[in-house]
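*Asks:* Here it is, the structure in full.
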Amino acid sequence: MIKEKYEYEPGRVSIVTPVFNGEEHLGNMLDSVLNQTYPKIEMILVDDGSSDGTVVTAESYRTKFAERGYAYRIVKAEHKNASAAVNNGLPFVSGEYLIWPDSDDILMPESVSSRVEFLKKNPRYACVRSLSYYFNGETGERSEKADEQRGDINKEELFWDILESKTFVCCGCYMLKAASFFEIYPDRRIPEYDVGQNFQMLLPFMYRHKCPTIKEELYGVSIRPGSHSRTKLTQEQEEKKYKDYENLIDDIARICRIKDKPSKDRIICWKAGRRYRIALKYRHRKDALRALGWLKRCNGFRVSEALKEILWLYFVNEWVEEKIYPIYQKLTRQIRSVIR
């Protein structure tokens, strides 16, 4: 690729969206881009080897984008995964700013302009995010169900909160300055794993930069039972996914040059907590006990909670676990809230 061809155009926002078999929902996302109030946008749509009419739908929007004055590019690739699809789009980014919404979500009309305006008014920041809301992807009705918690939206140092699921990852909520992003990935490639693209896009960036939050719901997240992120996995698939996440975090730690012991211990604790949960789910008792040992070494639990977990691991049958444990957890939360 000739780098000079893609020098940053001041003020332009590049939108990179991977899509796989999105014929039924892609139009809503593209319409939401066309409805933006911001004047300088380039849409880079990467088809991840779809087998339905996704590309036909995408091609039908060329004239609409031209009439709107927005650049529009369709990149066709062999089917692999979302992170690989993003890598097929990143070389074409020419905007000063970068966002990467999912193909079934929608941007509110002021979504792009509000974030660009914030970054222009606050040049000390290299990124900003907004809040999101959830809607039924089939009916369009707003939903109160959320996949992620918002966390402390006044906090600006988000690396650990994102890693430890204390705040939202929601891809279309974040806007990054492209030059700062490509300082991290000068070859314009993120690590490719079959676990999505958001950790790769966000974590190394958040390790370097603070990220404030615009307290407006500028992005709509589609809830669709048949979507890739909500497809029920087999035990083998889920265990592979957990392992892939661990390998990805190791890659990210290298990219961030994380070498201090407290941070490395915190990552070990993150891994151990995940390993314990999946081992308990599939009743791998030795793996669960090993993970508890890791958690103890990194102060990931209290002694009283460890005893409870060990007793649960060895003496609770599956019926009680399914029927009674959720009630126990709810009561425990209520008691703790009263004590606090």
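In the structure tokens, chains take the letters A, B, ... in the order shown, each chain's residues start at 1, and ligands count up from 1 in the order shown.
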Would you tabulate, counting only C-alpha atoms, all residues of range 123-177 of chain A that have an atom at most 12 Å from an atom of range 267-279 of chain A, showing the closest pair of atoms and their distance in Å to one decimal, sorted by chain then ascending number, as JSON lines?

*Replies:*
```
{"residue": "A:Phe159", "atom": "CA", "partner": "A:Ile267", "partner_atom": "CA", "distance": 11.6}
{"residue": "A:Trp160", "atom": "CA", "partner": "A:Ile267", "partner_atom": "CA", "distance": 9.3}
{"residue": "A:Asp161", "atom": "CA", "partner": "A:Trp270", "partner_atom": "CA", "distance": 11.5}
{"residue": "A:Ile162", "atom": "CA", "partner": "A:Trp270", "partner_atom": "CA", "distance": 11.6}
{"residue": "A:Leu163", "atom": "CA", "partner": "A:Trp270", "partner_atom": "CA", "distance": 8.2}
{"residue": "A:Glu164", "atom": "CA", "partner": "A:Trp270", "partner_atom": "CA", "distance": 6.9}
{"residue": "A:Ser165", "atom": "CA", "partner": "A:Trp270", "partner_atom": "CA", "distance": 10.2}
```

*Asks:* Convert the current residue selection to file output with N, CA and C atoms, as a compact mmCIF listing (two decimals), in the first residue's frame.

*Replies:*
```txt
# COMPACT_ATOMS: atom_id res chain seq x y z
N PHE A 159 -8.29 1.57 31.28
CA PHE A 159 -7.68 0.31 30.88
C PHE A 159 -8.15 -0.86 31.74
N TRP A 160 -8.00 -0.74 33.04
CA TRP A 160 -8.35 -1.85 33.92
C TRP A 160 -9.85 -2.05 34.02
N ASP A 161 -10.61 -0.96 33.97
CA ASP A 161 -12.07 -1.09 34.03
C ASP A 161 -12.61 -1.84 32.82
N ILE A 162 -12.01 -1.59 31.65
CA ILE A 162 -12.44 -2.30 30.44
C ILE A 162 -12.03 -3.77 30.54
N LEU A 163 -10.80 -4.02 30.91
CA LEU A 163 -10.32 -5.40 31.01
C LEU A 163 -11.15 -6.21 32.00
N GLU A 164 -11.47 -5.60 33.14
CA GLU A 164 -12.15 -6.32 34.21
C GLU A 164 -13.67 -6.18 34.16
N SER A 165 -14.19 -5.71 33.02
CA SER A 165 -15.64 -5.60 32.78
C SER A 165 -16.35 -4.72 33.80
```

*Asks:* List every residue of range 56-184 of chain A that DSSP, applied to the backbone of this structure, assigns to alpha helix (DSSP H), and report them as an MDAnalysis selection string.

*Replies:* chainID A and resid 56:59 62:68 82:89 111:121 159:163 178:184

*Asks:* With N, CA and C atoms kept, could you save the residues just selected as a compact mmCIF listing (two decimals), in the first residue's frame?

*Replies:*
```txt
# COMPACT_ATOMS: atom_id res chain seq x y z
N VAL A 56 -24.62 -7.18 -2.07
CA VAL A 56 -25.64 -6.54 -2.92
C VAL A 56 -26.26 -5.35 -2.19
N THR A 57 -26.58 -5.56 -0.92
CA THR A 57 -27.12 -4.46 -0.11
C THR A 57 -26.13 -3.32 -0.02
N ALA A 58 -24.87 -3.66 0.24
CA ALA A 58 -23.83 -2.64 0.36
C ALA A 58 -23.67 -1.86 -0.94
N GLU A 59 -23.66 -2.55 -2.06
CA GLU A 59 -23.50 -1.88 -3.36
C GLU A 59 -24.67 -0.93 -3.65
N ARG A 62 -24.12 2.91 -2.81
CA ARG A 62 -23.07 3.75 -3.39
C ARG A 62 -23.61 5.12 -3.81
N THR A 63 -24.71 5.12 -4.50
CA THR A 63 -25.27 6.39 -4.97
C THR A 63 -25.70 7.27 -3.81
N LYS A 64 -26.30 6.68 -2.79
CA LYS A 64 -26.75 7.45 -1.63
C LYS A 64 -25.58 8.13 -0.93
N PHE A 65 -24.47 7.42 -0.79
CA PHE A 65 -23.31 8.02 -0.14
C PHE A 65 -22.70 9.11 -1.01
N ALA A 66 -22.68 8.88 -2.32
CA ALA A 66 -22.15 9.90 -3.23
C ALA A 66 -22.99 11.17 -3.17
N GLU A 67 -24.31 11.01 -3.15
CA GLU A 67 -25.21 12.16 -3.07
C GLU A 67 -25.05 12.90 -1.74
N ARG A 68 -24.73 12.17 -0.69
CA ARG A 68 -24.54 12.79 0.62
C ARG A 68 -23.18 13.48 0.73
N ALA A 82 -13.98 -11.06 12.84
CA ALA A 82 -14.16 -9.61 12.86
C ALA A 82 -12.84 -8.85 12.92
N SER A 83 -11.87 -9.36 13.71
CA SER A 83 -10.60 -8.65 13.82
C SER A 83 -9.84 -8.68 12.50
N ALA A 84 -9.91 -9.80 11.78
CA ALA A 84 -9.27 -9.87 10.46
C ALA A 84 -9.96 -8.93 9.48
N ALA A 85 -11.29 -8.85 9.59
CA ALA A 85 -12.03 -7.93 8.71
C ALA A 85 -11.64 -6.48 8.98
N VAL A 86 -11.50 -6.12 10.25
CA VAL A 86 -11.06 -4.76 10.59
C VAL A 86 -9.68 -4.49 9.99
N ASN A 87 -8.80 -5.48 10.05
CA ASN A 87 -7.46 -5.30 9.47
C ASN A 87 -7.50 -5.06 7.97
N ASN A 88 -8.52 -5.58 7.32
CA ASN A 88 -8.67 -5.33 5.88
C ASN A 88 -9.16 -3.91 5.59
N GLY A 89 -9.72 -3.27 6.61
CA GLY A 89 -10.21 -1.91 6.42
C GLY A 89 -9.26 -0.83 6.90
N SER A 111 -24.25 11.72 16.74
CA SER A 111 -23.21 10.88 17.34
C SER A 111 -21.81 11.31 16.92
N VAL A 112 -21.59 11.47 15.64
CA VAL A 112 -20.25 11.83 15.15
C VAL A 112 -19.92 13.27 15.48
N SER A 113 -20.84 14.18 15.20
CA SER A 113 -20.56 15.60 15.40
C SER A 113 -20.30 15.93 16.87
N SER A 114 -21.03 15.32 17.77
CA SER A 114 -20.84 15.60 19.20
C SER A 114 -19.46 15.19 19.67
N ARG A 115 -19.00 14.05 19.20
CA ARG A 115 -17.69 13.56 19.64
C ARG A 115 -16.55 14.36 19.00
N VAL A 116 -16.70 14.70 17.72
CA VAL A 116 -15.67 15.52 17.07
C VAL A 116 -15.59 16.89 17.74
N GLU A 117 -16.75 17.47 18.01
CA GLU A 117 -16.78 18.78 18.66
C GLU A 117 -16.08 18.74 20.01
N PHE A 118 -16.32 17.66 20.77
CA PHE A 118 -15.67 17.54 22.07
C PHE A 118 -14.15 17.49 21.92
N LEU A 119 -13.66 16.69 20.98
CA LEU A 119 -12.22 16.54 20.82
C LEU A 119 -11.57 17.82 20.30
N LYS A 120 -12.29 18.56 19.50
CA LYS A 120 -11.75 19.85 19.01
C LYS A 120 -11.68 20.87 20.15
N LYS A 121 -12.67 20.83 21.02
CA LYS A 121 -12.68 21.78 22.14
C LYS A 121 -11.72 21.35 23.25
N PHE A 159 -8.29 1.57 31.28
CA PHE A 159 -7.68 0.31 30.88
C PHE A 159 -8.15 -0.86 31.74
N TRP A 160 -8.00 -0.74 33.04
CA TRP A 160 -8.35 -1.85 33.92
C TRP A 160 -9.85 -2.05 34.02
N ASP A 161 -10.61 -0.96 33.97
CA ASP A 161 -12.07 -1.09 34.03
C ASP A 161 -12.61 -1.84 32.82
N ILE A 162 -12.01 -1.59 31.65
CA ILE A 162 -12.44 -2.30 30.44
C ILE A 162 -12.03 -3.77 30.54
N LEU A 163 -10.80 -4.02 30.91
CA LEU A 163 -10.32 -5.40 31.01
C LEU A 163 -11.15 -6.21 32.00
N ALA A 178 -7.00 9.11 14.92
CA ALA A 178 -6.38 8.06 14.12
C ALA A 178 -4.86 8.07 14.21
N ALA A 179 -4.25 9.24 14.22
CA ALA A 179 -2.78 9.31 14.28
C ALA A 179 -2.26 8.66 15.56
N SER A 180 -2.94 8.89 16.67
CA SER A 180 -2.54 8.29 17.94
C SER A 180 -2.73 6.78 17.91
N PHE A 181 -3.80 6.33 17.25
CA PHE A 181 -4.06 4.89 17.15
C PHE A 181 -2.97 4.21 16.33
N PHE A 182 -2.57 4.83 15.22
CA PHE A 182 -1.57 4.20 14.36
C PHE A 182 -0.15 4.37 14.88
N GLU A 183 0.03 5.15 15.92
CA GLU A 183 1.31 5.13 16.63
C GLU A 183 1.47 3.80 17.36
N ILE A 184 0.35 3.24 17.80
CA ILE A 184 0.37 1.94 18.47
C ILE A 184 0.49 0.82 17.44
```

*Asks:* Determine, counting only C-alpha atoms, which protein, DNA and RNA residues have an atom within 9 Å of an atom of range 32-43 of chain A; residues of the same chain fewer than 5 positions away are not included. Present the result as a PyMOL selection string.

*Replies:* chain A and resi 11-17+27+64-65+68-74+93-95+105-114+116

*Asks:* From the set A:Ile258, A:Asp250, A:Tyr219, A:Val195, which residue has the shortest atom-to-atom contact distance to Glu238 in chain A, counting only C-alpha atoms?

*Replies:*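 When distances to Glu238 in chain A are compared using only C-alpha atoms, the smallest one comes from A:Val195.
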
*Asks:* Closest to Pro18 in chain A among A:Glu156, A:Leu248, A:Cys171, A:Gly151, using only C-alpha atoms?

*Replies:* A:Cys171

*Asks:* Check the smallest atom-to-atom distance from each of A:Ile255, A:Leu26, A:Val46, A:Ile190 to Phe92 in chain A using only C-alpha atoms, then report the winner.

*Replies:*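 Once distances to Phe92 in chain A are computed over only C-alpha atoms, the minimum belongs to A:Val46.
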
*Asks:* Write out as CSV the residues of range 198-277 of chain A that have any atom within 9 Å of an atom of range 123-142 of chain A, one row each with the nearest atom pair and its distance in Å to one decimal, counting only C-alpha atoms, sorted by chain and then rising number.

*Replies:*
```
residue,atom,partner,partner_atom,distance
A:Phe205,CA,A:Cys127,CA,8.8
A:Met206,CA,A:Cys127,CA,8.8
A:His209,CA,A:Ala126,CA,6.6
A:Lys210,CA,A:Tyr125,CA,6.8
A:Cys211,CA,A:Val128,CA,5.1
A:Pro212,CA,A:Val128,CA,5.3
A:Thr213,CA,A:Arg129,CA,4.9
A:Ile214,CA,A:Ser130,CA,4.6
A:Lys215,CA,A:Leu131,CA,6.0
A:Glu216,CA,A:Leu131,CA,5.4
A:Glu217,CA,A:Leu131,CA,4.4
A:Leu218,CA,A:Ser132,CA,5.9
A:Tyr219,CA,A:Ser132,CA,4.7
A:Gly220,CA,A:Tyr133,CA,5.1
A:Val221,CA,A:Tyr134,CA,4.7
A:Ser222,CA,A:Gly137,CA,4.8
A:Ile223,CA,A:Asn136,CA,5.1
A:Arg224,CA,A:Gly137,CA,5.2
A:Pro225,CA,A:Gly137,CA,8.7
```

*Asks:* When you count only C-alpha atoms, which of these residues is closest to Ala253 in chain A: A:Gln200, A:Ser51, A:Ser60, A:Asn122?

*Replies:* A:Gln200

*Asks:* Run DSSP on the backbone and give me the residues of range 94-296 of chain A it puts in strand (DSSP E), as a PDB file with C-alpha atoms, in the first residue's frame.

*Replies:*
```
ATOM      1  CA  GLY A  95      -9.645  10.430   8.594  1.00  0.00           C
ATOM      2  CA  GLU A  96      -8.397  12.437  11.529  1.00  0.00           C
ATOM      3  CA  TYR A  97     -10.801  10.452  13.699  1.00  0.00           C
ATOM      4  CA  LEU A  98     -11.710   6.765  13.780  1.00  0.00           C
ATOM      5  CA  ILE A  99     -14.818   4.862  14.886  1.00  0.00           C
ATOM      6  CA  ILE A 106     -27.057   2.513  14.772  1.00  0.00           C
ATOM      7  CA  LEU A 107     -25.570   5.964  15.292  1.00  0.00           C
ATOM      8  CA  CYS A 127     -10.258   9.922  22.476  1.00  0.00           C
ATOM      9  CA  VAL A 128     -13.777  10.279  23.814  1.00  0.00           C
ATOM     10  CA  ARG A 129     -16.755   7.995  24.274  1.00  0.00           C
ATOM     11  CA  SER A 130     -20.504   8.405  24.613  1.00  0.00           C
ATOM     12  CA  LEU A 131     -23.169   6.362  26.349  1.00  0.00           C
ATOM     13  CA  SER A 132     -25.361   3.858  24.531  1.00  0.00           C
ATOM     14  CA  TYR A 133     -28.848   2.446  24.702  1.00  0.00           C
ATOM     15  CA  TYR A 134     -30.187  -0.974  23.697  1.00  0.00           C
ATOM     16  CA  PHE A 135     -32.969  -1.853  21.289  1.00  0.00           C
ATOM     17  CA  ASN A 136     -34.634  -4.974  19.939  1.00  0.00           C
ATOM     18  CA  ARG A 142     -36.034   0.221  23.098  1.00  0.00           C
ATOM     19  CA  SER A 143     -34.891  -2.335  25.663  1.00  0.00           C
ATOM     20  CA  TYR A 174     -15.633   5.281  21.220  1.00  0.00           C
ATOM     21  CA  MET A 175     -13.900   7.779  18.927  1.00  0.00           C
ATOM     22  CA  LEU A 176     -10.097   7.779  18.648  1.00  0.00           C
ATOM     23  CA  LYS A 177      -7.675  10.143  17.004  1.00  0.00           C
ATOM     24  CA  THR A 213     -17.359  10.278  28.552  1.00  0.00           C
ATOM     25  CA  ILE A 214     -20.026  12.415  26.909  1.00  0.00           C
ATOM     26  CA  LYS A 215     -23.075  11.727  29.055  1.00  0.00           C
ATOM     27  CA  GLU A 216     -25.463  11.301  26.136  1.00  0.00           C
ATOM     28  CA  GLU A 217     -26.804   8.121  24.558  1.00  0.00           C
ATOM     29  CA  LEU A 218     -25.402   8.593  21.057  1.00  0.00           C
ATOM     30  CA  TYR A 219     -25.209   4.956  19.991  1.00  0.00           C
ATOM     31  CA  GLY A 220     -27.844   2.240  19.731  1.00  0.00           C
ATOM     32  CA  VAL A 221     -26.887  -1.383  20.379  1.00  0.00           C
ATOM     33  CA  SER A 222     -28.985  -4.017  18.659  1.00  0.00           C
ATOM     34  CA  ILE A 223     -30.054  -7.069  20.656  1.00  0.00           C
TER      35      ILE A 223
END
```
